[in-house]
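**Student:** One file is attached below, protein09.pdb, containing PDB, C-alpha atoms.
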ATOM      1  CA  MET A   1     -38.919 -24.576 -33.894
ATOM      2  CA  GLU A   2     -39.090 -20.814 -33.481
ATOM      3  CA  SER A   3     -38.211 -20.103 -29.882
ATOM      4  CA  LEU A   4     -40.893 -18.150 -28.089
ATOM      5  CA  ASP A   5     -38.264 -16.704 -25.791
ATOM      6  CA  SER A   6     -35.520 -16.118 -28.354
ATOM      7  CA  THR A   7     -35.610 -12.351 -27.988
ATOM      8  CA  GLN A   8     -36.550  -9.986 -25.222
ATOM      9  CA  VAL A   9     -40.231  -9.190 -25.357
ATOM     10  CA  ASN A  10     -41.381  -5.607 -25.340
ATOM     11  CA  ILE A  11     -44.770  -5.935 -23.698
ATOM     12  CA  LYS A  12     -45.961  -2.695 -25.319
ATOM     13  CA  ASP A  13     -45.607  -4.391 -28.708
ATOM     14  CA  LEU A  14     -47.716  -7.351 -27.641
ATOM     15  CA  VAL A  15     -50.602  -5.577 -25.926
ATOM     16  CA  THR A  16     -52.681  -3.147 -27.934
ATOM     17  CA  GLU A  17     -55.121  -0.777 -26.249
ATOM     18  CA  MET A  18     -57.760   0.604 -28.562
ATOM     19  CA  PRO A  19     -57.658   4.389 -28.989
ATOM     20  CA  ASP A  20     -60.421   6.510 -27.509
ATOM     21  CA  LYS A  21     -61.396   7.828 -30.939
ATOM     22  CA  GLU A  22     -62.428   4.351 -32.084
ATOM     23  CA  THR A  23     -66.155   3.721 -32.382
ATOM     24  CA  ARG A  24     -66.945   1.088 -29.771
ATOM     25  CA  PHE A  25     -68.973  -1.964 -30.662
ATOM     26  CA  TYR A  26     -69.893  -4.455 -27.989
ATOM     27  CA  PHE A  27     -70.260  -8.202 -28.307
ATOM     28  CA  ASP A  28     -69.970 -10.127 -25.059
ATOM     29  CA  PRO A  29     -69.023 -13.758 -25.836
ATOM     30  CA  GLU A  30     -69.706 -14.830 -22.259
ATOM     31  CA  LYS A  31     -73.355 -13.864 -22.713
ATOM     32  CA  GLU A  32     -73.729 -14.528 -26.439
ATOM     33  CA  ILE A  33     -72.206 -18.040 -26.418
ATOM     34  CA  THR A  34     -73.651 -20.473 -23.904
ATOM     35  CA  MET A  35     -72.426 -23.812 -22.615
ATOM     36  CA  ASP A  36     -75.409 -25.367 -24.410
ATOM     37  CA  ASP A  37     -74.055 -23.923 -27.678
ATOM     38  CA  CYS A  38     -70.643 -25.441 -26.966
ATOM     39  CA  VAL A  39     -72.122 -28.862 -26.239
ATOM     40  CA  GLU A  40     -73.881 -28.808 -29.624
ATOM     41  CA  ILE A  41     -70.905 -27.452 -31.557
ATOM     42  CA  GLU A  42     -68.425 -30.208 -30.675
ATOM     43  CA  PRO A  43     -70.363 -33.146 -32.214
ATOM     44  CA  TYR A  44     -71.222 -30.950 -35.214
ATOM     45  CA  LEU A  45     -67.524 -30.379 -35.870
ATOM     46  CA  GLN A  46     -66.811 -34.069 -35.419
ATOM     47  CA  ASP A  47     -69.516 -35.045 -37.901
ATOM     48  CA  THR A  48     -68.777 -32.435 -40.590
ATOM     49  CA  ILE A  49     -65.213 -31.075 -40.548
ATOM     50  CA  GLU A  50     -63.295 -34.075 -39.242
ATOM     51  CA  PRO A  51     -64.550 -36.614 -41.843
ATOM     52  CA  ALA A  52     -63.709 -34.115 -44.614
ATOM     53  CA  GLU A  53     -60.196 -33.769 -43.169
ATOM     54  CA  ARG A  54     -60.368 -29.984 -43.245
ATOM     55  CA  TRP A  55     -57.683 -29.719 -40.594
ATOM     56  CA  SER A  56     -57.193 -25.931 -40.587
ATOM     57  CA  GLU A  57     -60.917 -25.445 -39.974
ATOM     58  CA  PHE A  58     -60.884 -28.334 -37.476
ATOM     59  CA  CYS A  59     -58.208 -26.642 -35.338
ATOM     60  CA  GLU A  60     -59.452 -23.097 -35.893
ATOM     61  CA  CYS A  61     -63.034 -23.853 -34.841
ATOM     62  CA  ARG A  62     -61.885 -25.656 -31.713
ATOM     63  CA  GLY A  63     -59.428 -22.855 -30.962
ATOM     64  CA  ILE A  64     -62.235 -20.298 -31.232
ATOM     65  CA  LEU A  65     -64.439 -22.473 -29.047
ATOM     66  CA  LYS A  66     -61.711 -22.671 -26.398
ATOM     67  CA  MET A  67     -61.606 -18.871 -26.244
ATOM     68  CA  PHE A  68     -65.291 -18.802 -25.339
ATOM     69  CA  ILE A  69     -65.509 -21.618 -22.790
ATOM     70  CA  PRO A  70     -66.421 -20.140 -19.397
ATOM     71  CA  ASP A  71     -63.763 -20.362 -16.705
ATOM     72  CA  ASP A  72     -65.959 -22.654 -14.599
ATOM     73  CA  SER A  73     -66.462 -25.174 -17.403
ATOM     74  CA  SER A  74     -63.917 -27.565 -15.883
ATOM     75  CA  SER A  75     -66.333 -28.339 -13.073
ATOM     76  CA  ARG A  76     -68.870 -29.568 -15.614
ATOM     77  CA  GLY A  77     -66.392 -31.144 -17.986
ATOM     78  CA  SER A  78     -65.066 -29.377 -21.064
ATOM     79  CA  PRO A  79     -67.128 -29.982 -24.213
ATOM     80  CA  ILE A  80     -63.973 -29.700 -26.340
ATOM     81  CA  HIS A  81     -62.336 -33.015 -27.135
ATOM     82  CA  ALA A  82     -58.565 -33.220 -26.735
ATOM     83  CA  MET A  83     -56.486 -33.726 -29.851
ATOM     84  CA  ASP A  84     -55.639 -37.442 -29.939
ATOM     85  CA  ASP A  85     -52.566 -38.930 -31.622
ATOM     86  CA  PHE A  86     -54.515 -40.162 -34.658
ATOM     87  CA  ILE A  87     -55.804 -36.666 -35.443
ATOM     88  CA  TRP A  88     -52.418 -35.129 -34.655
ATOM     89  CA  ASN A  89     -50.694 -37.407 -37.171
ATOM     90  CA  LYS A  90     -53.211 -36.291 -39.803
ATOM     91  CA  ILE A  91     -52.536 -32.631 -39.030
ATOM     92  CA  GLU A  92     -48.765 -33.100 -39.188
ATOM     93  CA  GLY A  93     -49.248 -34.762 -42.565
ATOM     94  CA  GLU A  94     -51.228 -31.733 -43.736
ATOM     95  CA  LEU A  95     -48.392 -29.402 -42.703
ATOM     96  CA  GLU A  96     -45.947 -31.523 -44.683
ATOM     97  CA  ASN A  97     -48.307 -31.438 -47.658
ATOM     98  CA  PHE A  98     -48.471 -27.630 -47.595
ATOM     99  CA  GLU A  99     -44.679 -27.541 -47.481
ATOM    100  CA  ARG A 100     -44.447 -29.816 -50.542
ATOM    101  CA  LEU A 101     -46.926 -27.567 -52.344
ATOM    102  CA  ALA A 102     -44.939 -24.463 -51.302
ATOM    103  CA  SER A 103     -48.133 -22.938 -49.908
ATOM    104  CA  ALA A 104     -46.947 -20.600 -47.161
ATOM    105  CA  ILE A 105     -50.405 -19.075 -46.654
ATOM    106  CA  HIS A 106     -52.018 -22.437 -45.880
ATOM    107  CA  TYR A 107     -49.002 -23.588 -43.863
ATOM    108  CA  PHE A 108     -48.962 -20.626 -41.465
ATOM    109  CA  THR A 109     -52.752 -20.497 -41.214
ATOM    110  CA  LEU A 110     -52.749 -24.106 -40.042
ATOM    111  CA  LEU A 111     -49.879 -23.391 -37.628
ATOM    112  CA  TYR A 112     -51.878 -20.522 -36.106
ATOM    113  CA  ALA A 113     -54.959 -22.724 -35.764
ATOM    114  CA  ILE A 114     -52.908 -25.443 -34.057
ATOM    115  CA  LYS A 115     -51.511 -22.994 -31.494
ATOM    116  CA  GLN A 116     -54.946 -21.626 -30.638
ATOM    117  CA  TYR A 117     -56.295 -25.145 -30.163
ATOM    118  CA  ASP A 118     -53.373 -26.926 -28.489
ATOM    119  CA  VAL A 119     -50.334 -24.842 -27.572
ATOM    120  CA  GLU A 120     -48.449 -27.863 -26.195
ATOM    121  CA  ARG A 121     -48.698 -29.678 -29.543
ATOM    122  CA  PHE A 122     -47.625 -26.471 -31.274
ATOM    123  CA  LYS A 123     -44.435 -26.341 -29.207
ATOM    124  CA  THR A 124     -43.333 -29.687 -30.686
ATOM    125  CA  ILE A 125     -43.397 -28.405 -34.287
ATOM    126  CA  VAL A 126     -40.187 -27.492 -36.093
ATOM    127  CA  VAL A 127     -41.185 -24.612 -38.355
ATOM    128  CA  SER A 128     -40.014 -25.096 -41.928
ATOM    129  CA  PRO A 129     -37.231 -22.703 -43.070
ATOM    130  CA  THR A 130     -38.514 -23.240 -46.623
ATOM    131  CA  MET A 131     -41.917 -21.883 -45.631
ATOM    132  CA  ARG A 132     -40.333 -18.839 -44.011
ATOM    133  CA  LEU A 133     -38.485 -18.078 -47.249
ATOM    134  CA  GLN A 134     -41.651 -18.690 -49.274
ATOM    135  CA  LEU A 135     -43.562 -16.280 -47.073
ATOM    136  CA  ARG A 136     -40.920 -13.590 -47.478
ATOM    137  CA  ASN A 137     -40.644 -13.989 -51.265
ATOM    138  CA  ASN A 138     -44.366 -14.161 -52.023
ATOM    139  CA  PHE A 139     -45.684 -11.587 -49.555
ATOM    140  CA  PRO A 140     -45.462  -8.572 -51.929
ATOM    141  CA  ILE A 141     -47.690 -10.313 -54.514
ATOM    142  CA  THR A 142     -50.114 -11.773 -51.960
ATOM    143  CA  PRO A 143     -53.687 -10.299 -51.934
ATOM    144  CA  VAL A 144     -54.124  -7.671 -49.249
ATOM    145  CA  ASP A 145     -56.601  -9.696 -47.178
ATOM    146  CA  LYS A 146     -54.123 -12.592 -47.018
ATOM    147  CA  GLN A 147     -51.305 -10.173 -46.131
ATOM    148  CA  LEU A 148     -53.286  -8.905 -43.149
ATOM    149  CA  ALA A 149     -54.096 -12.446 -42.015
ATOM    150  CA  LEU A 150     -50.466 -13.549 -42.279
ATOM    151  CA  GLN A 151     -49.281 -10.560 -40.251
ATOM    152  CA  TRP A 152     -51.600 -10.986 -37.300
ATOM    153  CA  GLN A 153     -51.313 -14.784 -37.325
ATOM    154  CA  TRP A 154     -47.522 -14.433 -37.221
ATOM    155  CA  ARG A 155     -47.833 -12.307 -34.073
ATOM    156  CA  VAL A 156     -49.964 -15.034 -32.489
ATOM    157  CA  LEU A 157     -47.420 -17.686 -33.460
ATOM    158  CA  PHE A 158     -44.225 -15.825 -32.542
ATOM    159  CA  PRO A 159     -45.070 -12.819 -30.361
ATOM    160  CA  SER A 160     -41.414 -11.959 -29.710
ATOM    161  CA  THR A 161     -40.231 -12.294 -33.331
ATOM    162  CA  PRO A 162     -40.683  -9.475 -35.875
ATOM    163  CA  PHE A 163     -42.609 -10.240 -39.043
ATOM    164  CA  PRO A 164     -40.029 -11.449 -41.600
ATOM    165  CA  VAL A 165     -41.114  -9.057 -44.367
ATOM    166  CA  PRO A 166     -40.025  -5.448 -43.663
ATOM    167  CA  GLN A 167     -42.499  -2.764 -44.746
ATOM    168  CA  THR A 168     -41.505   0.809 -45.578
ATOM    169  CA  PRO A 169     -43.907   3.686 -44.813
ATOM    170  CA  GLN A 170     -44.548   3.899 -48.569
ATOM    171  CA  ASP A 171     -45.412   0.190 -48.665
ATOM    172  CA  GLU A 172     -47.789   0.621 -45.747
ATOM    173  CA  GLN A 173     -49.524   3.625 -47.275
ATOM    174  CA  LEU A 174     -49.950   1.895 -50.614
ATOM    175  CA  ARG A 175     -51.396  -1.155 -48.921
ATOM    176  CA  TRP A 176     -53.741   0.942 -46.800
ATOM    177  CA  GLY A 177     -55.217   2.358 -49.992
ATOM    178  CA  LYS A 178     -55.906  -1.199 -51.141
ATOM    179  CA  VAL A 179     -57.528  -1.989 -47.770
ATOM    180  CA  LEU A 180     -59.947   0.948 -48.050
ATOM    181  CA  GLN A 181     -60.694   0.181 -51.685
ATOM    182  CA  LYS A 182     -61.498  -3.437 -50.892
ATOM    183  CA  PHE A 183     -63.649  -2.689 -47.844
ATOM    184  CA  HIS A 184     -65.660   0.117 -49.446
ATOM    185  CA  ALA A 185     -66.119  -1.380 -52.915
ATOM    186  CA  PRO A 186     -69.770  -1.088 -54.058
ATOM    187  CA  PRO A 187     -71.971  -4.209 -53.923
ATOM    188  CA  GLY A 188     -71.296  -6.456 -56.882
ATOM    189  CA  ALA A 189     -67.838  -4.998 -57.444
ATOM    190  CA  SER A 190     -66.317  -6.114 -54.153
ATOM    191  CA  PRO A 191     -64.055  -9.177 -54.046
ATOM    192  CA  LEU A 192     -65.529  -9.746 -50.580
ATOM    193  CA  SER A 193     -68.522 -11.745 -51.733
ATOM    194  CA  SER A 194     -70.458 -11.993 -48.461
ATOM    195  CA  ASP A 195     -71.123 -10.113 -45.244
ATOM    196  CA  GLY A 196     -69.148 -12.790 -43.429
ATOM    197  CA  GLU A 197     -66.063 -12.094 -45.555
ATOM    198  CA  LEU A 198     -66.481  -8.349 -44.987
ATOM    199  CA  LEU A 199     -66.645  -8.928 -41.226
ATOM    200  CA  GLU A 200     -63.593 -11.200 -41.310
ATOM    201  CA  PHE A 201     -61.685  -8.587 -43.310
ATOM    202  CA  ALA A 202     -62.585  -5.837 -40.816
ATOM    203  CA  SER A 203     -61.383  -7.966 -37.902
ATOM    204  CA  ALA A 204     -58.115  -8.742 -39.751
ATOM    205  CA  VAL A 205     -57.540  -4.996 -40.160
ATOM    206  CA  LYS A 206     -58.027  -4.460 -36.435
ATOM    207  CA  LEU A 207     -55.662  -7.318 -35.525
ATOM    208  CA  ALA A 208     -52.947  -6.366 -38.036
ATOM    209  CA  CYS A 209     -53.295  -2.548 -37.981
ATOM    210  CA  PRO A 210     -55.051  -1.626 -34.710
ATOM    211  CA  GLU A 211     -53.726   1.940 -34.787
ATOM    212  CA  ARG A 212     -55.526   2.574 -38.112
ATOM    213  CA  PHE A 213     -58.673   0.537 -37.606
ATOM    214  CA  HIS A 214     -60.773   3.622 -36.833
ATOM    215  CA  GLU A 215     -59.968   4.872 -40.358
ATOM    216  CA  LEU A 216     -61.738   1.873 -41.879
ATOM    217  CA  GLY A 217     -65.133   3.384 -41.151
ATOM    218  CA  THR A 218     -67.109   0.393 -39.890
ATOM    219  CA  THR A 219     -70.598   1.460 -38.843
ATOM    220  CA  LYS A 220     -73.046   0.567 -36.120
ATOM    221  CA  GLU A 221     -75.471  -0.624 -38.803
ATOM    222  CA  GLN A 222     -72.889  -3.042 -40.213
ATOM    223  CA  PHE A 223     -72.152  -4.391 -36.758
ATOM    224  CA  GLN A 224     -75.845  -4.908 -36.040
ATOM    225  CA  SER A 225     -76.276  -6.740 -39.355
ATOM    226  CA  TRP A 226     -73.310  -9.021 -38.614
ATOM    227  CA  HIS A 227     -74.674  -9.690 -35.136
ATOM    228  CA  GLN A 228     -78.065 -10.607 -36.560
ATOM    229  CA  GLN A 229     -76.444 -13.113 -38.926
ATOM    230  CA  PHE A 230     -74.603 -14.612 -35.964
ATOM    231  CA  ILE A 231     -77.968 -15.121 -34.244
ATOM    232  CA  GLU A 232     -79.488 -16.645 -37.370
ATOM    233  CA  ALA A 233     -76.557 -19.077 -37.695
ATOM    234  CA  ARG A 234     -77.350 -20.390 -34.208
ATOM    235  CA  GLN A 235     -81.038 -20.689 -34.987
ATOM    236  CA  CYS A 236     -80.268 -22.728 -38.123
ATOM    237  CA  GLY A 237     -77.640 -24.883 -36.390
ATOM    238  CA  LYS A 238     -74.911 -23.638 -38.744
ATOM    239  CA  TRP A 239     -72.261 -23.933 -36.068
ATOM    240  CA  GLU A 240     -69.201 -23.384 -38.222
ATOM    241  CA  THR A 241     -70.713 -20.118 -39.500
ATOM    242  CA  PHE A 242     -71.696 -19.296 -35.914
ATOM    243  CA  LEU A 243     -68.047 -19.547 -34.792
ATOM    244  CA  HIS A 244     -66.746 -17.647 -37.812
ATOM    245  CA  TYR A 245     -69.041 -14.752 -36.870
ATOM    246  CA  ALA A 246     -68.397 -14.994 -33.118
ATOM    247  CA  PHE A 247     -64.626 -14.607 -33.398
ATOM    248  CA  PRO A 248     -64.457 -11.429 -35.536
ATOM    249  CA  LEU A 249     -67.364  -9.871 -33.628
ATOM    250  CA  THR A 250     -65.330 -10.379 -30.452
ATOM    251  CA  VAL A 251     -62.277  -8.861 -32.160
ATOM    252  CA  LEU A 252     -64.225  -5.766 -33.204
ATOM    253  CA  SER A 253     -65.503  -5.386 -29.640
ATOM    254  CA  ALA A 254     -62.143  -5.981 -27.961
ATOM    255  CA  GLN A 255     -60.761  -3.152 -25.889
ATOM    256  CA  THR A 256     -57.383  -4.861 -25.537
ATOM    257  CA  ILE A 257     -55.641  -7.321 -27.884
ATOM    258  CA  GLU A 258     -52.816  -9.426 -26.454
ATOM    259  CA  PHE A 259     -50.413 -11.692 -28.353
ATOM    260  CA  THR A 260     -49.023 -14.151 -25.802
ATOM    261  CA  ASN A 261     -47.018 -17.363 -25.693
ATOM    262  CA  HIS A 262     -50.336 -19.122 -25.117
ATOM    263  CA  GLY A 263     -52.081 -17.575 -28.109
ATOM    264  CA  LEU A 264     -54.359 -14.645 -28.846
ATOM    265  CA  ARG A 265     -56.204 -13.037 -25.930
ATOM    266  CA  LEU A 266     -59.041 -10.566 -26.367
ATOM    267  CA  VAL A 267     -60.168  -8.420 -23.444
ATOM    268  CA  ASN A 268     -63.699  -7.189 -23.811
ATOM    269  CA  LYS A 269     -65.357  -4.675 -21.514
ATOM    270  CA  PRO A 270     -68.700  -2.965 -21.980
ATOM    271  CA  PRO A 271     -68.536   0.690 -23.014
ATOM    272  CA  GLN A 272     -68.686   2.972 -20.028
ATOM    273  CA  THR A 273     -71.578   5.329 -19.716
ATOM    274  CA  THR A 274     -70.791   8.720 -18.304
ATOM    275  CA  ILE A 275     -72.812   9.544 -15.229
ATOM    276  CA  LYS A 276     -72.877  13.138 -14.194
ATOM    277  CA  GLU A 277     -72.511  13.442 -10.473
ATOM    278  CA  CYS A 278     -74.722  16.039  -8.846
ATOM    279  CA  THR A 279     -72.611  18.192  -6.582
ATOM    280  CA  PRO A 280     -74.710  19.686  -3.821
ATOM    281  CA  PRO A 281     -74.508  23.445  -3.737
ATOM    282  CA  ILE A 282     -72.250  24.950  -1.121
ATOM    283  CA  PRO A 283     -74.474  26.581   1.472
ATOM    284  CA  GLU A 284     -74.215  30.305   1.662
ATOM    285  CA  VAL A 285     -72.407  31.494   4.747
ATOM    286  CA  ARG A 286     -73.867  34.598   6.316
ATOM    287  CA  HIS A 287     -71.926  36.772   8.728
ATOM    288  CA  PHE A 288     -73.755  38.621  11.447
TER
END
Just give me the structure as C-alpha cells.

**Tutor:**
Amino acid sequence: MESLDSTQVNIKDLVTEMPDKETRFYFDPEKEITMDDCVEIEPYLQDTIEPAERWSEFCECRGILKMFIPDDSSSRGSPIHAMDDFIWNKIEGELENFERLASAIHYFTLLYAIKQYDVERFKTIVVSPTMRLQLRNNFPITPVDKQLALQWQWRVLFPSTPFPVPQTPQDEQLRWGKVLQKFHAPPGASPLSSDGELLEFASAVKLACPERFHELGTTKEQFQSWHQQFIEARQCGKWETFLHYAFPLTVLSAQTIEFTNHGLRLVNKPPQTTIKECTPPIPEVRHF
C-alpha cells in the first residue's frame, strides 16, 4: 500500500486557504443537515444503493454523511452503520474487478470513497501498481472533469505523495481553457447535462485548482439555485441527491481545505461583516 508517511509532508501543500479575492458563498452543514436527516438517510442508502451493489456510491454517500455528523452524535448513537466484513468483501471484489477492466478512474474513485468512509479499512489495501501505470498513461486523454476529480481524490488518498502525472505550465493553461469552456458552455451545448453536474464540476475545480477557482466565475445566483435544489431534494426524500448537493455546496463555502491522513477536511466559517467602530472625538483642550 502507498505509505502515508513515506515522504516528509509540507503542511503548506496540504492546507489551502482561500484567497481574499474569492467571492464567498456560505453553506453551513451543521445547520443545513440535521440529525433527523441523517437518521432517514442511512436506511435509504441500505434499501437503494446496497442492494444494487453500487459500492462507490455506497462508500461515498456514507463518507459524506460522516463529514456532517455533529461532534456530539456519539452520545445519541451514530446513525451510520459500520462496514461489516460481508460488505467489505464485496467492495474488495469491486476493486479487483476495476483492475481487471483496467479502469483507473473507477478504481481510484472507489479508493477515495473507501478512505472517506472507513480510513482503517483503507489502510489495509495494497494499491495496484497496474492501476498507477494506467492512470499515468491514460490521464492525457481523460476528459477534463475526470482529470480534476482524479487529482483532488489522489490528494485525499495520498496527501504526502505527488500526483503521478507531471503537468507543465503549458499543459495547465491548455486544460484551464477546457475548464472554462466546459463550465460556461451555453445551455444545450454543455456536456454538463444538469445543474447538479455543474455544481459538482465547480467543486472539483476548487478542490483541484483552488488558486484559480475565482477565475471560474461562479455567481451568487448559481449558488442560490443549487441551494434551492438541495432543499427540494430533502423535501422529496431524494437522499442520494441531497448528499451529492450537500458535499459540493460545502466545498464551495469552505474557507480552508485540508488533505489529511484521515481524509478530506473542510473548514467553513461564516463571512465576516465589517463593523465600523465609532471612535469618540478627542475633547478639545483649552489653555487658560

**Student:** Find the residues around range 243-254 of chain A up to 6 Å (only C-alpha atoms counted), leave out those fewer than 4 positions away in its own chain, and share them as a ChimeraX atom specification.

**Tutor:** /A:25-27,200,203,230,266-268

**Student:** Measure the distance from CA of Glu57 in chain A to CA of Ile91 in chain A in Å and round it to one decimal.

**Tutor:**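 It comes out at 11.1 Å.
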
**Student:** I would like the residues chosen by the PyMOL selection byres ((chain A and resi 132) around 10) on the shown file; could you give them as a PDB file with C-alpha atoms, keeping the file's coordinate frame?

**Tutor:**
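Generated file (selection35.pdb):
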ATOM      1  CA  ALA A 104     -46.947 -20.600 -47.161  1.00  0.00           C
ATOM      2  CA  TYR A 107     -49.002 -23.588 -43.863  1.00  0.00           C
ATOM      3  CA  PHE A 108     -48.962 -20.626 -41.465  1.00  0.00           C
ATOM      4  CA  VAL A 127     -41.185 -24.612 -38.355  1.00  0.00           C
ATOM      5  CA  SER A 128     -40.014 -25.096 -41.928  1.00  0.00           C
ATOM      6  CA  PRO A 129     -37.231 -22.703 -43.070  1.00  0.00           C
ATOM      7  CA  THR A 130     -38.514 -23.240 -46.623  1.00  0.00           C
ATOM      8  CA  MET A 131     -41.917 -21.883 -45.631  1.00  0.00           C
ATOM      9  CA  LEU A 133     -38.485 -18.078 -47.249  1.00  0.00           C
ATOM     10  CA  GLN A 134     -41.651 -18.690 -49.274  1.00  0.00           C
ATOM     11  CA  LEU A 135     -43.562 -16.280 -47.073  1.00  0.00           C
ATOM     12  CA  ARG A 136     -40.920 -13.590 -47.478  1.00  0.00           C
ATOM     13  CA  ASN A 137     -40.644 -13.989 -51.265  1.00  0.00           C
ATOM     14  CA  PRO A 164     -40.029 -11.449 -41.600  1.00  0.00           C
ATOM     15  CA  VAL A 165     -41.114  -9.057 -44.367  1.00  0.00           C
TER      16      VAL A 165
END

**Student:** Just to confirm, what's the straight-line distance from CA of Tyr44 in chain A to CA of His227 in chain A in Å (one decimal)?

**Tutor:**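 Result for CA of Tyr44 in chain A versus CA of His227 in chain A: 21.5 Å, one decimal.
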
**Student:** Excluding same-chain residues fewer than 6 positions from Pro43 in chain A, what lies within 12 Å of it counting only C-alpha atoms, as an NGL selection string?

**Tutor:** :A and (37 or 49-51 or 58 or 62 or 79-81 or 237 or 239-240)

**Student:** Work out how far apart CA of Cys236 in chain A and CA of Gln224 in chain A are and give it in Å to one decimal.

**Tutor:** 18.5 Å

**Student:** May I ask which of the residues A:Phe86, A:Trp226, A:Trp154, A:Phe139 is the closest one to Thr109 in chain A, counting all atoms listed in the file?

**Tutor:** A:Trp154

**Student:** If the PyMOL selection byres ((chain A and resi 63) around 8) were run on this exact file, what residues would it hold? Put them as a list in words.

**Tutor:** Cys59, Glu60, Cys61, Arg62, Ile64, Leu65, Lys66, Met67, Ala113, Ile114, Lys115, Gln116, Tyr117 and Asp118 of chain A

**Student:** Please determine, counting only C-alpha atoms, which residue among A:Asp195, A:Lys238, A:Thr124, A:Phe201 has the shortest atom-to-atom distance to Ser225 in chain A.

**Tutor:**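 Distance minimum relative to Ser225 in chain A lands on A:Asp195.
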
**Student:** With a distance cut-off of 12 Å and all atoms listed in the file, select the neighbouring residues of Asn89 in chain A, excluding the residue or stretch itself and same-chain residues fewer than 5 positions from it, and output the selection as a list in words.

**Tutor:**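 The neighbour list is Glu53, Trp55, Met83, Asp84, Glu94, Leu95, Glu96, Arg121 and Ile125 of chain A.
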
**Student:** Let me make sure I understand: among A:Val144, A:Ala233, A:Ala185, A:Val179, which one has the smallest atom-to-atom distance to Glu215 in chain A if we use all atoms listed in the file?

**Tutor:** A:Val179

**Student:** Restricting the calculation to only C-alpha atoms, which member of A:Pro162, A:Val39, A:Leu192, A:Gln235 is positioned closest to Pro143 in chain A?

**Tutor:**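 Between A:Pro162, A:Val39, A:Leu192, A:Gln235, the residue approaching Pro143 in chain A most closely is A:Leu192.
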
**Student:** Of the candidates A:Asn97, A:Gln173, A:Ser103, A:Ser160, which shows the shortest atom-to-atom distance to Thr142 in chain A, using all atoms listed in the file?

**Tutor:**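 Among the listed residues, A:Ser103 lies closest to Thr142 in chain A.
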
**Student:** Determine, counting all atoms listed in the file, which protein, DNA and RNA residues have an atom within 8 Å of an atom of Asn261 in chain A; residues of the same chain fewer than 4 positions away are not included. Present the result as number ranges by chain.

**Tutor:** A: 4, 156-159

**Student:** Enumerate, as an mmCIF file with C-alpha atoms, in the coordinates of the input, the protein, DNA and RNA residues whose atoms approach (-60.5, -0.6, -39.8) to within 9 Å, taking into account only C-alpha atoms and the coordinate frame of the file.

**Tutor:**
data_model
loop_
_atom_site.group_PDB
_atom_site.id
_atom_site.type_symbol
_atom_site.label_atom_id
_atom_site.label_comp_id
_atom_site.auth_asym_id
_atom_site.auth_seq_id
_atom_site.Cartn_x
_atom_site.Cartn_y
_atom_site.Cartn_z
ATOM 1 C CA VAL A 179 -57.528 -1.989 -47.770
ATOM 2 C CA LEU A 180 -59.947 0.948 -48.050
ATOM 3 C CA PHE A 183 -63.649 -2.689 -47.844
ATOM 4 C CA PHE A 201 -61.685 -8.587 -43.310
ATOM 5 C CA ALA A 202 -62.585 -5.837 -40.816
ATOM 6 C CA SER A 203 -61.383 -7.966 -37.902
ATOM 7 C CA ALA A 204 -58.115 -8.742 -39.751
ATOM 8 C CA VAL A 205 -57.540 -4.996 -40.160
ATOM 9 C CA LYS A 206 -58.027 -4.460 -36.435
ATOM 10 C CA CYS A 209 -53.295 -2.548 -37.981
ATOM 11 C CA PRO A 210 -55.051 -1.626 -34.710
ATOM 12 C CA GLU A 211 -53.726 1.940 -34.787
ATOM 13 C CA ARG A 212 -55.526 2.574 -38.112
ATOM 14 C CA PHE A 213 -58.673 0.537 -37.606
ATOM 15 C CA HIS A 214 -60.773 3.622 -36.833
ATOM 16 C CA GLU A 215 -59.968 4.872 -40.358
ATOM 17 C CA LEU A 216 -61.738 1.873 -41.879
ATOM 18 C CA GLY A 217 -65.133 3.384 -41.151
ATOM 19 C CA THR A 218 -67.109 0.393 -39.890
#
